[in-house]
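Asks: You'll find run-v2.cif just under this line, and it carries mmCIF, C-alpha atoms.
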```cif
data_query
#
loop_
_atom_site.label_atom_id
_atom_site.label_comp_id
_atom_site.auth_asym_id
_atom_site.auth_seq_id
_atom_site.Cartn_x
_atom_site.Cartn_y
_atom_site.Cartn_z
CA MET E 1 -8.56 9.59 -5.70
CA PRO E 2 -5.02 9.29 -7.04
CA LEU E 3 -4.03 12.52 -8.78
CA VAL E 4 -3.16 10.77 -12.06
CA ARG E 5 -6.56 9.01 -12.14
CA PHE E 6 -8.34 12.29 -11.47
CA ILE E 7 -6.52 13.98 -14.36
CA SER E 8 -7.42 11.07 -16.67
CA LEU E 9 -11.12 11.74 -15.96
CA LEU E 10 -10.99 15.41 -16.96
CA LYS E 11 -12.60 15.92 -20.36
CA ASP E 12 -10.89 19.14 -21.44
CA ALA E 13 -7.53 19.06 -19.66
CA PRO E 14 -4.74 20.63 -21.71
CA VAL E 15 -2.27 18.19 -23.23
CA GLU E 16 0.49 19.64 -20.98
CA VAL E 17 -1.50 18.58 -17.92
CA THR E 18 -2.23 15.07 -19.18
CA THR E 19 1.41 14.68 -20.22
CA ALA E 20 2.56 15.80 -16.77
CA ALA E 21 0.23 13.22 -15.20
CA LYS E 22 1.66 10.48 -17.44
CA ASN E 23 5.12 11.35 -16.15
CA LEU E 24 4.14 10.79 -12.51
CA ARG E 25 4.95 7.28 -11.34
CA ALA E 26 4.06 5.10 -8.38
CA THR E 27 4.56 1.52 -7.31
CA THR E 28 1.82 -1.05 -6.85
CA VAL E 29 1.86 -3.12 -3.68
CA HIS E 30 0.38 -6.61 -3.64
CA TYR E 31 -0.56 -8.07 -0.31
CA PHE E 32 -2.21 -11.05 1.26
CA ASP E 33 -4.78 -10.75 4.01
CA ILE E 34 -4.48 -13.96 5.99
CA GLY E 35 -6.71 -15.49 8.65
CA VAL E 36 -5.11 -18.11 10.89
CA ARG E 37 -6.33 -20.40 13.66
CA GLY E 38 -3.59 -21.45 16.07
CA LYS E 39 -1.01 -20.20 18.54
CA GLY E 40 1.58 -19.01 16.06
CA ASP E 41 5.31 -18.98 16.63
CA ILE E 42 7.68 -16.74 18.55
CA ALA E 43 7.14 -13.69 16.29
CA SER E 44 3.36 -14.07 15.84
CA ASP E 45 2.44 -11.12 18.05
CA TYR E 46 4.57 -8.48 16.34
CA HIS E 47 2.32 -5.97 14.68
CA TRP E 48 4.77 -4.56 12.09
CA VAL E 49 8.01 -6.17 10.91
CA TYR E 50 10.20 -5.26 7.94
CA PHE E 51 12.10 -7.91 6.00
CA PRO E 52 14.89 -6.22 4.01
CA GLU E 53 16.53 -9.55 3.20
CA PRO E 54 16.06 -10.48 -0.47
CA ASP E 55 15.42 -14.13 0.39
CA TYR E 56 11.95 -13.22 1.76
CA VAL E 57 9.30 -12.66 -0.90
CA PHE E 58 7.66 -9.94 1.20
CA TYR E 59 9.13 -6.73 2.57
CA ARG E 60 6.70 -6.26 5.45
CA ALA E 61 4.42 -8.45 7.51
CA GLY E 62 2.13 -7.46 10.31
CA SER E 63 -0.76 -8.59 12.42
CA TYR E 64 -4.00 -6.65 12.76
CA SER E 65 -4.96 -8.79 15.75
CA ALA E 66 -1.66 -8.10 17.50
CA VAL E 67 -2.61 -4.42 17.45
CA HIS E 68 -6.25 -4.99 18.38
CA ARG E 69 -7.22 -8.43 19.72
CA LYS E 70 -10.81 -8.14 18.46
CA ALA E 71 -9.55 -8.01 14.84
CA ALA E 72 -9.82 -11.80 14.85
CA PRO E 73 -12.09 -14.34 16.58
CA ASP E 74 -10.87 -16.06 19.75
CA GLY E 75 -8.10 -18.56 18.98
CA CYS E 76 -7.38 -16.86 15.65
CA ARG E 77 -5.07 -14.18 14.31
CA SER E 78 -5.13 -11.91 11.30
CA TYR E 79 -2.13 -10.90 9.22
CA TYR E 80 -1.14 -8.86 6.22
CA VAL E 81 1.94 -9.54 4.11
CA GLU E 82 3.11 -6.87 1.63
CA MET E 83 5.10 -7.51 -1.53
CA SER E 84 6.40 -5.27 -4.27
CA GLY E 85 8.82 -5.65 -7.20
CA GLY E 86 10.47 -8.85 -5.98
CA ALA E 87 7.25 -10.83 -6.30
CA SER E 88 6.45 -9.81 -9.88
CA GLU E 89 7.23 -13.20 -11.46
CA LEU E 90 5.42 -15.13 -8.73
CA LEU E 91 2.31 -12.95 -9.16
CA LYS E 92 1.81 -14.75 -12.47
CA GLU E 93 1.43 -17.97 -10.45
CA PRO E 94 -0.74 -17.03 -7.43
CA GLU E 95 -0.79 -20.52 -5.90
CA LYS E 96 3.00 -20.72 -6.01
CA LEU E 97 3.22 -17.23 -4.47
CA LYS E 98 0.82 -18.25 -1.72
CA GLN E 99 2.93 -21.28 -0.82
CA ARG E 100 6.10 -19.18 -0.87
CA VAL E 101 4.55 -16.58 1.48
CA LEU E 102 3.44 -19.27 3.91
CA ALA E 103 6.88 -20.90 3.85
CA ASP E 104 8.56 -17.54 4.45
CA LEU E 105 6.17 -16.72 7.34
CA LYS E 106 7.10 -20.05 8.94
CA ARG E 107 10.80 -19.42 8.35
CA ALA E 108 10.39 -15.96 9.96
CA ARG E 109 8.76 -17.74 12.92
CA ILE E 110 5.50 -15.86 12.57
CA LEU E 111 3.46 -18.92 11.66
CA SER E 112 3.96 -22.32 13.24
CA ALA E 113 3.66 -25.66 11.48
CA ASP E 114 0.45 -26.30 13.47
CA ASP E 115 -1.34 -23.12 12.37
CA GLU E 116 -4.44 -23.63 10.23
CA ILE E 117 -4.83 -21.16 7.38
CA LEU E 118 -8.49 -20.14 7.27
CA PHE E 119 -8.19 -17.81 4.31
CA MET E 120 -5.56 -16.08 2.26
CA GLU E 121 -6.71 -13.35 -0.11
CA LEU E 122 -4.41 -11.65 -2.61
CA CYS E 123 -5.15 -7.93 -3.04
CA GLU E 124 -3.41 -4.91 -4.55
CA ILE E 125 -2.93 -1.24 -3.81
CA PRO E 126 -2.29 0.65 -7.04
CA TYR E 127 -0.35 3.90 -6.54
CA ALA E 128 0.83 2.70 -3.12
CA TYR E 129 4.10 4.63 -3.09
CA VAL E 130 4.88 7.70 -5.17
CA VAL E 131 8.17 7.50 -7.06
CA PHE E 132 10.29 10.61 -6.48
CA ASP E 133 12.10 10.72 -9.82
CA GLN E 134 13.32 13.53 -12.07
CA HIS E 135 9.75 14.36 -13.17
CA TYR E 136 8.09 14.31 -9.77
CA GLU E 137 8.31 17.86 -8.46
CA LYS E 138 7.87 19.73 -11.74
CA CYS E 139 4.93 17.63 -12.96
CA ARG E 140 3.20 17.46 -9.58
CA SER E 141 3.48 21.22 -9.04
CA PHE E 142 2.29 21.94 -12.59
CA ILE E 143 -0.82 19.78 -12.15
CA LEU E 144 -1.68 21.09 -8.69
CA ASP E 145 -1.25 24.69 -9.91
CA TYR E 146 -3.52 23.96 -12.88
CA LEU E 147 -6.18 22.51 -10.58
CA ALA E 148 -5.88 25.39 -8.11
CA GLY E 149 -6.43 27.79 -11.02
CA HIS E 150 -9.80 26.05 -11.50
CA ASN E 151 -10.67 26.14 -7.77
CA ILE E 152 -9.95 22.43 -7.35
CA GLN E 153 -8.04 21.17 -4.33
CA SER E 154 -6.43 17.77 -4.48
CA ALA E 155 -4.89 16.69 -1.19
CA GLY E 156 -3.85 13.68 0.81
CA ARG E 157 -1.43 10.90 0.07
CA TRP E 158 -2.86 10.06 -3.35
CA GLY E 159 -4.66 13.28 -4.19
CA GLY E 160 -1.61 15.36 -3.37
CA TRP E 161 0.68 12.75 -4.95
CA ASN E 162 3.06 12.55 -2.03
CA TYR E 163 4.14 10.15 0.64
CA GLY E 164 2.82 10.55 4.13
CA GLY E 165 1.11 8.69 6.88
CA MET E 166 -2.53 8.72 7.82
CA GLU E 167 -2.04 11.67 10.14
CA ASP E 168 -0.48 13.70 7.29
CA ALA E 169 -3.49 12.98 5.07
CA MET E 170 -5.85 14.04 7.85
CA LEU E 171 -3.96 17.30 8.36
CA GLU E 172 -4.01 17.98 4.60
CA GLY E 173 -7.75 17.28 4.52
CA LYS E 174 -8.30 19.65 7.43
CA LYS E 175 -6.25 22.34 5.70
CA ALA E 176 -8.20 21.84 2.45
CA ALA E 177 -11.52 22.10 4.33
CA GLU E 178 -10.39 25.32 6.00
CA GLN E 179 -9.74 26.84 2.56
CA ILE E 180 -13.31 26.32 1.37
CA PRO E 181 -15.05 29.72 1.25
CA LYS E 182 -17.83 30.08 3.81
#
```
Would you put the structure from the file into structure tokens?

Replies:
Amino acid sequence: MPLVRFISLLKDAPVEVTTAAKNLRATTVHYFDIGVRGKGDIASDYHWVYFPEPDYVFYRAGSYSAVHRKAAPDGCRSYYVEMSGGASELLKEPEKLKQRVLADLKRARILSADDEILFMELCEIPYAYVVFDQHYEKCRSFILDYLAGHNIQSAGRWGGWNYGGMEDAMLEGKKAAEQIPK
């Protein structure tokens, strides 16, 4: 559970702790999961591509089925397309955003004009990326120290309020488990 959500559920947390949690920030990522039937274009088999150019509405696109073929039925492919701040106005008009994403995927040569879109679902990941601002270290440490003083461990990407990959979260979970008294 994200650290700030956990703190919001505590009934008797001191105001200093709840204030510290309110000062921790993170970005929300919106993404489309997309199912496609067709051969795709020249870049359809890349499993992870960044798009730093501001003229693309997404910053990353990837293909689950390029990583593992069985992630889509035969003749089909599965994709994800991640968006952040640059898509905020278009999020108010989901159909317009959908069309923009499809146009950009074709322009990036991931989708071809002949591909059939089977589904396209808009989802979100709240707290996707922690913001390392002037409050981050002091507030995070204060909260984690408070929890530790009550024999509560909060670890992982969201629980520890940090940025790391899946392997980092697994190592933190292992470390937390090893600290449980036997």

Asks: Taking into account only C-alpha atoms, which residue in the set E:Val4, E:Val81, E:Leu24, E:Tyr46 is nearest to Glu124 in chain E?

Replies: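 With only C-alpha atoms as the atom set, the closest residue is E:Val81.
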
Asks: Centre and edge lengths, as lines of an AutoDock Vina configuration file, for the axis-aligned box enclosing every listed atom of range 144-158 of chain E with 3 Å of padding on each of the six sides, in Å to one decimal?

Replies:
```
center_x = -6.0
center_y = 18.9
center_z = -6.0
size_x = 15.4
size_y = 23.7
size_z = 19.7
```

Asks: Between E:Val36, E:Ala72, E:Leu105, E:Leu144, which one has atoms that come closest to Arg60 in chain E, using all atoms listed in the file?

Replies: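 Smallest separation from Arg60 in chain E among the options: E:Leu105.
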
Asks: For the file shown, report as a ChimeraX atom specification the outcome of the PyMOL selection byres ((chain E and resi 160-168) around 9) at residue level.

Replies: /E:2-4,24,128-132,136,140,144,153-159,169-173

Asks: Write the residues of the selection above to a file with C-alpha atoms, as a CSV table (one decimal), keeping the file's coordinate frame.

Replies:
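What landed in out.csv:
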```csv
chain,number,residue,atom,x,y,z
E,2,PRO,CA,-5.0,9.3,-7.0
E,3,LEU,CA,-4.0,12.5,-8.8
E,4,VAL,CA,-3.2,10.8,-12.1
E,24,LEU,CA,4.1,10.8,-12.5
E,128,ALA,CA,0.8,2.7,-3.1
E,129,TYR,CA,4.1,4.6,-3.1
E,130,VAL,CA,4.9,7.7,-5.2
E,131,VAL,CA,8.2,7.5,-7.1
E,132,PHE,CA,10.3,10.6,-6.5
E,136,TYR,CA,8.1,14.3,-9.8
E,140,ARG,CA,3.2,17.5,-9.6
E,144,LEU,CA,-1.7,21.1,-8.7
E,153,GLN,CA,-8.0,21.2,-4.3
E,154,SER,CA,-6.4,17.8,-4.5
E,155,ALA,CA,-4.9,16.7,-1.2
E,156,GLY,CA,-3.8,13.7,0.8
E,157,ARG,CA,-1.4,10.9,0.1
E,158,TRP,CA,-2.9,10.1,-3.4
E,159,GLY,CA,-4.7,13.3,-4.2
E,169,ALA,CA,-3.5,13.0,5.1
E,170,MET,CA,-5.8,14.0,7.8
E,171,LEU,CA,-4.0,17.3,8.4
E,172,GLU,CA,-4.0,18.0,4.6
E,173,GLY,CA,-7.8,17.3,4.5
```

Asks: For CA of Lys106 in chain E and CA of Lys70 in chain E, determine how far apart the two atoms are, in Å to one decimal place.

Replies: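 Computed distance, CA of Lys106 in chain E to CA of Lys70 in chain E, equals 23.5 Å.
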
Asks: Please determine, counting only C-alpha atoms, which residue among E:Phe6, E:Tyr80, E:Asp33, E:Val15 has the shortest atom-to-atom distance to Trp48 in chain E.

Replies: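 Nearest to Trp48 in chain E: E:Tyr80.
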
Asks: Can you turn the PyMOL selection byres ((chain E and resi 143) around 9) into a concrete residue list for this file, as an MDAnalysis selection string?

Replies: chainID E and resid 3 7 16:18 20:21 138:142 144:148

Asks: Measuring atom to atom with all atoms listed in the file, identify which of E:Gly85, E:Ala43, E:Ser8, E:Ser65 is nearest to Lys22 in chain E.

Replies: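 Of E:Gly85, E:Ala43, E:Ser8, E:Ser65, the one nearest Lys22 in chain E, counting all atoms listed in the file, is E:Ser8.
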
Asks: To one decimal place, how far is CA of Ala66 in chain E from CA of Ser88 in chain E in Å?

Replies: 28.6 Å

Asks: Which residues are close to Tyr64 in chain E, i.e. within 8 Å by all atoms listed in the file, leaving aside same-chain residues fewer than 5 positions away? Reply as a CSV table (one decimal) with C-alpha atoms, keeping the file's coordinate frame.

Replies:
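Now in out.csv:
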```csv
chain,number,residue,atom,x,y,z
E,47,HIS,CA,2.3,-6.0,14.7
E,69,ARG,CA,-7.2,-8.4,19.7
E,71,ALA,CA,-9.6,-8.0,14.8
E,77,ARG,CA,-5.1,-14.2,14.3
E,78,SER,CA,-5.1,-11.9,11.3
E,79,TYR,CA,-2.1,-10.9,9.2
E,80,TYR,CA,-1.1,-8.9,6.2
```
